[in-house]
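*Asks:* Contents of query38.pdb (PDB, C-alpha atoms, pLDDT in the B column) are given next:
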```pdb
MODEL        1
ATOM      1  CA  MET A  24      18.255  23.242   3.876  1.00 91.00           C
ATOM      2  CA  GLN A  25      19.979  19.937   4.698  1.00 94.00           C
ATOM      3  CA  ILE A  26      18.082  17.499   6.875  1.00 95.00           C
ATOM      4  CA  LYS A  27      18.785  14.041   8.274  1.00 97.00           C
ATOM      5  CA  LEU A  28      16.187  12.014  10.165  1.00 97.00           C
ATOM      6  CA  TRP A  29      14.932   8.494  10.615  1.00 98.00           C
ATOM      7  CA  ILE A  30      11.470   7.446   9.517  1.00 97.00           C
ATOM      8  CA  ASN A  31      10.494   4.044  10.871  1.00 97.00           C
ATOM      9  CA  ASN A  32      14.195   3.392  11.479  1.00 95.00           C
ATOM     10  CA  SER A  33      15.183   4.159   7.873  1.00 96.00           C
ATOM     11  CA  GLU A  34      17.575   7.059   7.431  1.00 96.00           C
ATOM     12  CA  TYR A  35      16.588   9.938   5.177  1.00 95.00           C
ATOM     13  CA  SER A  36      18.800  12.851   4.293  1.00 93.00           C
ATOM     14  CA  GLY A  37      18.646  15.541   1.709  1.00 88.00           C
ATOM     15  CA  ASP A  38      17.834  19.092   0.887  1.00 93.00           C
ATOM     16  CA  ILE A  39      14.356  20.402   1.726  1.00 95.00           C
ATOM     17  CA  SER A  40      12.570  23.707   1.698  1.00 95.00           C
ATOM     18  CA  PRO A  41      12.695  25.219   5.216  1.00 95.00           C
ATOM     19  CA  ASP A  42       8.936  25.766   5.225  1.00 96.00           C
ATOM     20  CA  ILE A  43       7.783  22.228   4.327  1.00 97.00           C
ATOM     21  CA  LEU A  44       5.524  20.661   6.922  1.00 96.00           C
ATOM     22  CA  LEU A  45       6.357  17.236   8.309  1.00 97.00           C
ATOM     23  CA  ILE A  46       3.099  15.837   6.898  1.00 96.00           C
ATOM     24  CA  ASP A  47       4.070  16.922   3.378  1.00 96.00           C
ATOM     25  CA  PHE A  48       7.604  15.593   3.765  1.00 96.00           C
ATOM     26  CA  LEU A  49       6.307  12.219   4.970  1.00 96.00           C
ATOM     27  CA  ARG A  50       3.679  11.916   2.240  1.00 95.00           C
ATOM     28  CA  SER A  51       6.199  12.884  -0.449  1.00 95.00           C
ATOM     29  CA  ASN A  52       8.351  10.004   0.790  1.00 94.00           C
ATOM     30  CA  GLY A  53       5.519   7.465   0.488  1.00 95.00           C
ATOM     31  CA  TYR A  54       4.068   7.478   4.009  1.00 95.00           C
ATOM     32  CA  LEU A  55       0.475   7.844   2.889  1.00 93.00           C
ATOM     33  CA  SER A  56      -1.099   6.780   6.190  1.00 91.00           C
ATOM     34  CA  VAL A  57      -0.386  10.300   7.413  1.00 94.00           C
ATOM     35  CA  LYS A  58      -3.487  12.145   6.301  1.00 91.00           C
ATOM     36  CA  ARG A  59      -4.551  15.756   6.103  1.00 89.00           C
ATOM     37  CA  GLY A  60      -7.979  16.379   7.562  1.00 84.00           C
ATOM     38  CA  CYS A  61      -8.796  19.714   9.134  1.00 82.00           C
ATOM     39  CA  GLU A  62      -5.884  22.013   8.259  1.00 77.00           C
ATOM     40  CA  THR A  63      -6.217  23.475  11.782  1.00 82.00           C
ATOM     41  CA  SER A  64      -4.441  20.940  14.033  1.00 82.00           C
ATOM     42  CA  ASN A  65      -7.726  19.747  15.518  1.00 82.00           C
ATOM     43  CA  CYS A  66      -8.561  16.353  14.031  1.00 85.00           C
ATOM     44  CA  GLY A  67      -5.567  14.101  14.775  1.00 87.00           C
ATOM     45  CA  LEU A  68      -5.491  12.446  11.343  1.00 89.00           C
ATOM     46  CA  CYS A  69      -1.867  13.460  10.834  1.00 92.00           C
ATOM     47  CA  THR A  70      -0.591  12.064  14.160  1.00 94.00           C
ATOM     48  CA  VAL A  71       2.878  10.523  14.076  1.00 96.00           C
ATOM     49  CA  MET A  72       5.395   9.884  16.823  1.00 96.00           C
ATOM     50  CA  LEU A  73       8.409  12.120  17.112  1.00 97.00           C
ATOM     51  CA  GLU A  74      10.894  10.543  19.510  1.00 96.00           C
ATOM     52  CA  ASN A  75       8.042   8.300  20.735  1.00 92.00           C
ATOM     53  CA  LYS A  76       5.687  11.193  21.545  1.00 93.00           C
ATOM     54  CA  PRO A  77       2.555  11.850  19.475  1.00 93.00           C
ATOM     55  CA  VAL A  78       2.666  15.048  17.421  1.00 94.00           C
ATOM     56  CA  LEU A  79       0.441  16.555  14.758  1.00 94.00           C
ATOM     57  CA  SER A  80       2.598  16.473  11.656  1.00 96.00           C
ATOM     58  CA  CYS A  81       0.517  19.230  10.047  1.00 94.00           C
ATOM     59  CA  SER A  82       1.794  21.588  12.765  1.00 94.00           C
ATOM     60  CA  VAL A  83       5.473  20.650  12.725  1.00 96.00           C
ATOM     61  CA  LEU A  84       8.020  21.849  10.225  1.00 96.00           C
ATOM     62  CA  ALA A  85      10.070  18.987   8.804  1.00 97.00           C
ATOM     63  CA  VAL A  86      13.276  20.751   9.882  1.00 97.00           C
ATOM     64  CA  ARG A  87      12.140  20.324  13.519  1.00 96.00           C
ATOM     65  CA  ALA A  88      12.587  16.572  13.003  1.00 97.00           C
ATOM     66  CA  ASN A  89      16.206  17.011  11.924  1.00 97.00           C
ATOM     67  CA  GLY A  90      18.315  14.448  13.789  1.00 98.00           C
ATOM     68  CA  LEU A  91      15.231  12.797  15.297  1.00 98.00           C
ATOM     69  CA  HIS A  92      13.195   9.618  14.840  1.00 98.00           C
ATOM     70  CA  VAL A  93       9.732   9.769  13.286  1.00 98.00           C
ATOM     71  CA  THR A  94       7.385   6.805  13.472  1.00 97.00           C
ATOM     72  CA  THR A  95       4.323   6.379  11.293  1.00 97.00           C
ATOM     73  CA  ILE A  96       1.802   3.559  11.409  1.00 95.00           C
ATOM     74  CA  GLU A  97       3.787   1.856   8.623  1.00 95.00           C
ATOM     75  CA  GLY A  98       6.528   1.348  11.223  1.00 96.00           C
ATOM     76  CA  LEU A  99       4.151  -0.161  13.781  1.00 96.00           C
ATOM     77  CA  GLN A 100       2.247  -2.689  11.677  1.00 95.00           C
ATOM     78  CA  LYS A 101       2.179  -5.453  14.291  1.00 96.00           C
ATOM     79  CA  GLU A 102       1.011  -3.177  17.108  1.00 95.00           C
ATOM     80  CA  ALA A 103      -1.488  -1.420  14.842  1.00 94.00           C
ATOM     81  CA  ALA A 104      -2.983  -4.711  13.690  1.00 94.00           C
ATOM     82  CA  GLU A 105      -3.259  -5.882  17.292  1.00 95.00           C
ATOM     83  CA  PHE A 106      -5.225  -2.811  18.340  1.00 94.00           C
ATOM     84  CA  GLY A 107      -7.205  -2.899  15.080  1.00 92.00           C
ATOM     85  CA  THR A 108      -8.539  -6.294  16.117  1.00 93.00           C
ATOM     86  CA  PHE A 109      -9.894  -4.759  19.330  1.00 94.00           C
ATOM     87  CA  LEU A 110     -11.564  -1.984  17.307  1.00 91.00           C
ATOM     88  CA  ALA A 111     -13.155  -4.483  14.927  1.00 90.00           C
ATOM     89  CA  ASP A 112     -14.350  -6.689  17.783  1.00 93.00           C
ATOM     90  CA  GLU A 113     -16.175  -3.702  19.277  1.00 91.00           C
ATOM     91  CA  GLY A 114     -17.681  -2.605  15.958  1.00 84.00           C
ATOM     92  CA  ALA A 115     -15.707   0.634  16.175  1.00 80.00           C
ATOM     93  CA  GLU A 116     -13.930   0.393  12.818  1.00 76.00           C
ATOM     94  CA  GLN A 117     -15.966   2.358  10.332  1.00 74.00           C
ATOM     95  CA  CYS A 118     -14.592   4.087   7.212  1.00 76.00           C
ATOM     96  CA  GLY A 119     -10.982   3.954   8.433  1.00 74.00           C
ATOM     97  CA  PHE A 120      -9.988   7.472   7.360  1.00 76.00           C
ATOM     98  CA  CYS A 121      -9.142   8.582  10.905  1.00 77.00           C
ATOM     99  CA  SER A 122      -7.784   5.189  11.993  1.00 85.00           C
ATOM    100  CA  PRO A 123      -4.029   5.691  11.432  1.00 88.00           C
ATOM    101  CA  GLY A 124      -3.842   8.872  13.523  1.00 89.00           C
ATOM    102  CA  PHE A 125      -6.200   7.446  16.140  1.00 89.00           C
ATOM    103  CA  ILE A 126      -4.226   4.217  16.405  1.00 92.00           C
ATOM    104  CA  MET A 127      -0.940   6.128  16.699  1.00 93.00           C
ATOM    105  CA  THR A 128      -2.411   8.084  19.612  1.00 92.00           C
ATOM    106  CA  VAL A 129      -3.685   4.931  21.339  1.00 93.00           C
ATOM    107  CA  LEU A 130      -0.353   3.129  20.929  1.00 95.00           C
ATOM    108  CA  SER A 131       1.407   6.125  22.423  1.00 93.00           C
ATOM    109  CA  MET A 132      -1.095   6.207  25.271  1.00 92.00           C
ATOM    110  CA  ALA A 133      -0.464   2.513  25.980  1.00 93.00           C
ATOM    111  CA  LYS A 134       3.233   3.260  26.444  1.00 91.00           C
ATOM    112  CA  GLU A 135       2.754   6.428  28.453  1.00 91.00           C
ATOM    113  CA  LEU A 136      -0.208   5.782  30.782  1.00 90.00           C
ATOM    114  CA  LYS A 137      -0.485   2.813  33.105  1.00 87.00           C
ATOM    115  CA  ASN A 138      -4.016   1.811  34.131  1.00 89.00           C
ATOM    116  CA  PRO A 139      -5.624   5.100  33.048  1.00 92.00           C
ATOM    117  CA  THR A 140      -9.109   6.049  34.141  1.00 92.00           C
ATOM    118  CA  GLU A 141     -11.789   6.613  31.510  1.00 91.00           C
ATOM    119  CA  GLY A 142     -11.371  10.351  32.078  1.00 93.00           C
ATOM    120  CA  GLU A 143      -7.631  10.106  31.427  1.00 94.00           C
ATOM    121  CA  ILE A 144      -8.280   8.118  28.241  1.00 92.00           C
ATOM    122  CA  LYS A 145     -10.761  10.722  27.007  1.00 91.00           C
ATOM    123  CA  LYS A 146      -8.355  13.541  27.853  1.00 91.00           C
ATOM    124  CA  TYR A 147      -5.537  11.819  25.923  1.00 88.00           C
ATOM    125  CA  LEU A 148      -7.809  11.400  22.890  1.00 87.00           C
ATOM    126  CA  GLU A 149      -9.157  14.963  22.842  1.00 85.00           C
ATOM    127  CA  GLY A 150      -7.413  15.846  19.589  1.00 80.00           C
ATOM    128  CA  ASN A 151      -8.732  12.851  17.625  1.00 81.00           C
ATOM    129  CA  LEU A 152     -11.993  13.257  15.761  1.00 78.00           C
ATOM    130  CA  CYS A 153     -14.038  10.523  14.144  1.00 74.00           C
ATOM    131  CA  ARG A 154     -17.141  11.317  12.149  1.00 73.00           C
ATOM    132  CA  CYS A 155     -18.346   7.707  11.795  1.00 72.00           C
ATOM    133  CA  THR A 156     -18.531   6.398  15.344  1.00 70.00           C
ATOM    134  CA  GLY A 157     -20.109   7.486  18.590  1.00 70.00           C
ATOM    135  CA  TYR A 158     -16.802   6.881  20.396  1.00 79.00           C
ATOM    136  CA  MET A 159     -18.332   4.303  22.775  1.00 86.00           C
ATOM    137  CA  GLY A 160     -17.053   1.342  20.753  1.00 86.00           C
ATOM    138  CA  GLN A 161     -13.657   2.981  20.524  1.00 90.00           C
ATOM    139  CA  LEU A 162     -13.566   3.481  24.298  1.00 92.00           C
ATOM    140  CA  ARG A 163     -14.515  -0.171  24.895  1.00 93.00           C
ATOM    141  CA  ALA A 164     -11.779  -1.264  22.478  1.00 93.00           C
ATOM    142  CA  ILE A 165      -9.189   0.961  24.158  1.00 93.00           C
ATOM    143  CA  ARG A 166     -10.073  -0.287  27.652  1.00 94.00           C
ATOM    144  CA  LYS A 167      -9.849  -3.929  26.535  1.00 95.00           C
ATOM    145  CA  PHE A 168      -6.600  -3.287  24.643  1.00 95.00           C
ATOM    146  CA  LEU A 169      -5.003  -1.527  27.626  1.00 93.00           C
ATOM    147  CA  LYS A 170      -6.177  -4.309  29.938  1.00 92.00           C
ATOM    148  CA  SER A 171      -4.553  -6.919  27.682  1.00 91.00           C
ATOM    149  CA  LYS A 172      -1.353  -4.854  27.637  1.00 85.00           C
ATOM    150  CA  SER A 173      -1.239  -4.608  31.434  1.00 82.00           C
ATOM    151  CA  LYS A 174      -1.677  -8.405  31.633  1.00 77.00           C
ATOM    152  CA  GLU A 175       1.256  -8.841  29.227  1.00 75.00           C
ATOM    153  CA  ASP A 176       3.371  -6.433  31.305  1.00 74.00           C
ATOM    154  CA  ALA A 177       2.551  -8.386  34.475  1.00 70.00           C
ATOM    155  CA  LYS A 178       3.980 -11.614  33.011  1.00 70.00           C
TER
ENDMDL
END
```
What is this structure when it is put down as structure tokens?

*Replies:*
Amino acid sequence: MQIKLWINNSEYSGDISPDILLIDFLRSNGYLSVKRGCETSNCGLCTVMLENKPVLSCSVLAVRANGLHVTTIEGLQKEAAEFGTFLADEGAEQCGFCSPGFIMTVLSMAKELKNPTEGEIKKYLEGNLCRCTGYMGQLRAIRKFLKSKSKEDAK
């Protein structure tokens, strides 16, 4: 099946099997930040943005991305590093295995929600699991990151 899509603003086209998952397509093209964790669409490790909305790439067929734009953390290095600093400052960066999917979700949240409550933040993050942290450091980092973003937007 012919497919054409953009990954981090680079065009890809070619013939793919109609049953290949987006995660497998991305990884086979060198986007190794997209990780497989639970195999049940529950952990968030495989989160990417499809047309600027977070999706679980382990639950999306690659053909569903035909004609669309996919963004991985490799395409958001500056933004990811900025938020990563907030995580490190709060002692919330542990093994890093879940970080790419978690960061993709937070960056999407920053674009979508303005001044979210803690409950809204937790709701947005429901599909992201981390086995190393107690989530409190992550929540502090997210609140501080979002606060810095709202200050930037106010300028």

*Asks:* Tell me which of A:Ser56, A:Gln25, A:Gln161, A:Asn65 sits closest to Gly114 (chain A), counting all atoms listed in the file.

*Replies:*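 Between A:Ser56, A:Gln25, A:Gln161, A:Asn65, the residue approaching Gly114 (chain A) most closely is A:Gln161.
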
*Asks:* Convert the output of the PyMOL selection byres ((chain A and resi 110) around 9) on the shown file into explicit residues, formatted as a PyMOL selection string.

*Replies:* chain A and resi 106-109+111-116+160-161+163-165+168

*Asks:* Considering only C-alpha atoms, give me a table of residues in region 70-122 of chain A that are at most 10 Å from region 135-150 of chain A, with the closest atom pair and distance in Å for each, as a tab-separated table.

*Replies:*
```
residue	atom	partner	partner_atom	distance
A:Thr70	CA	A:Gly150	CA	9.5
A:Asn75	CA	A:Glu135	CA	9.5
A:Lys76	CA	A:Glu135	CA	8.9
A:Leu79	CA	A:Gly150	CA	9.2
```

*Asks:* Under the rule that all atoms listed in the file are counted, which of A:Leu28, A:Cys61, A:Ala85, A:Leu99 is the nearest residue to Leu44 (chain A)?

*Replies:*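 Closest to Leu44 (chain A) of all the choices is A:Ala85.
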
*Asks:* Measuring between all atoms listed in the file, which one of A:Asn52, A:Leu130, A:Leu91, A:Cys118 shows the shortest distance to Ala103 (chain A)?

*Replies:*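 The answer is A:Leu130, which sits nearest to Ala103 (chain A).
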
*Asks:* Just need the box for region 105-121 of chain A, edges along x, y and z, holding every atom the file lists for it with 5 Å tacked onto each side, so centre and edge lengths in Å to one decimal, as JSON.

*Replies:*
```
{"center_x": -10.5, "center_y": 0.9, "center_z": 13.3, "size_x": 24.4, "size_y": 25.3, "size_z": 22.1}
```

*Asks:* Any chance you could tabulate, as JSON lines, the residues of region 61-160 of chain A at most 9 Å from region 29-36 of chain A with each one's nearest atom pair and distance in Å to one decimal, using all atoms listed in the file, in chain and rising number order?

*Replies:*
```
{"residue": "A:Ala88", "atom": "CA", "partner": "A:Trp29", "partner_atom": "CA", "distance": 8.7}
{"residue": "A:Asn89", "atom": "CA", "partner": "A:Trp29", "partner_atom": "CA", "distance": 8.7}
{"residue": "A:Gly90", "atom": "CA", "partner": "A:Trp29", "partner_atom": "CA", "distance": 7.5}
{"residue": "A:Leu91", "atom": "CA", "partner": "A:Trp29", "partner_atom": "CA", "distance": 6.4}
{"residue": "A:His92", "atom": "CA", "partner": "A:Trp29", "partner_atom": "CA", "distance": 4.7}
{"residue": "A:Val93", "atom": "CA", "partner": "A:Ile30", "partner_atom": "CA", "distance": 4.8}
{"residue": "A:Thr94", "atom": "CA", "partner": "A:Asn31", "partner_atom": "CA", "distance": 4.9}
{"residue": "A:Thr95", "atom": "CA", "partner": "A:Asn31", "partner_atom": "CA", "distance": 6.6}
{"residue": "A:Ile96", "atom": "CA", "partner": "A:Asn31", "partner_atom": "CA", "distance": 8.7}
{"residue": "A:Glu97", "atom": "CA", "partner": "A:Asn31", "partner_atom": "CA", "distance": 7.4}
{"residue": "A:Gly98", "atom": "CA", "partner": "A:Asn31", "partner_atom": "CA", "distance": 4.8}
{"residue": "A:Leu99", "atom": "CA", "partner": "A:Asn31", "partner_atom": "CA", "distance": 8.1}
```

*Asks:* Can you pull out the residues contacting Leu68 (chain A)? Cut-off 10 Å, using all atoms listed in the file, and skip same-chain residues under 3 positions away; I want them as a PDB file with C-alpha atoms, in the frame of the given file.

*Replies:*
```pdb
ATOM      1  CA  SER A  56      -1.099   6.780   6.190  1.00 91.00           C
ATOM      2  CA  VAL A  57      -0.386  10.300   7.413  1.00 94.00           C
ATOM      3  CA  LYS A  58      -3.487  12.145   6.301  1.00 91.00           C
ATOM      4  CA  ARG A  59      -4.551  15.756   6.103  1.00 89.00           C
ATOM      5  CA  GLY A  60      -7.979  16.379   7.562  1.00 84.00           C
ATOM      6  CA  CYS A  61      -8.796  19.714   9.134  1.00 82.00           C
ATOM      7  CA  SER A  64      -4.441  20.940  14.033  1.00 82.00           C
ATOM      8  CA  ASN A  65      -7.726  19.747  15.518  1.00 82.00           C
ATOM      9  CA  VAL A  71       2.878  10.523  14.076  1.00 96.00           C
ATOM     10  CA  LEU A  79       0.441  16.555  14.758  1.00 94.00           C
ATOM     11  CA  SER A  80       2.598  16.473  11.656  1.00 96.00           C
ATOM     12  CA  CYS A  81       0.517  19.230  10.047  1.00 94.00           C
ATOM     13  CA  PHE A 120      -9.988   7.472   7.360  1.00 76.00           C
ATOM     14  CA  CYS A 121      -9.142   8.582  10.905  1.00 77.00           C
ATOM     15  CA  SER A 122      -7.784   5.189  11.993  1.00 85.00           C
ATOM     16  CA  PRO A 123      -4.029   5.691  11.432  1.00 88.00           C
ATOM     17  CA  GLY A 124      -3.842   8.872  13.523  1.00 89.00           C
ATOM     18  CA  PHE A 125      -6.200   7.446  16.140  1.00 89.00           C
ATOM     19  CA  ILE A 126      -4.226   4.217  16.405  1.00 92.00           C
ATOM     20  CA  MET A 127      -0.940   6.128  16.699  1.00 93.00           C
ATOM     21  CA  THR A 128      -2.411   8.084  19.612  1.00 92.00           C
ATOM     22  CA  GLY A 150      -7.413  15.846  19.589  1.00 80.00           C
ATOM     23  CA  ASN A 151      -8.732  12.851  17.625  1.00 81.00           C
ATOM     24  CA  LEU A 152     -11.993  13.257  15.761  1.00 78.00           C
ATOM     25  CA  CYS A 153     -14.038  10.523  14.144  1.00 74.00           C
TER      26      CYS A 153
END
```

*Asks:* I need the residue nearest Cys69 (chain A) from this list: A:Arg87, A:Ile46, A:Leu55, A:Arg166. Use only C-alpha atoms for the distance.

*Replies:*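 Ranking A:Arg87, A:Ile46, A:Leu55, A:Arg166 by distance to Cys69 (chain A), first place goes to A:Ile46.
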
*Asks:* Would you mind reading off the distance between CA of Arg154 (chain A) and CA of Ala133 (chain A), one decimal, in Å?

*Replies:*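 Atom-to-atom, CA of Arg154 (chain A) and CA of Ala133 (chain A) are spaced 23.4 Å apart.
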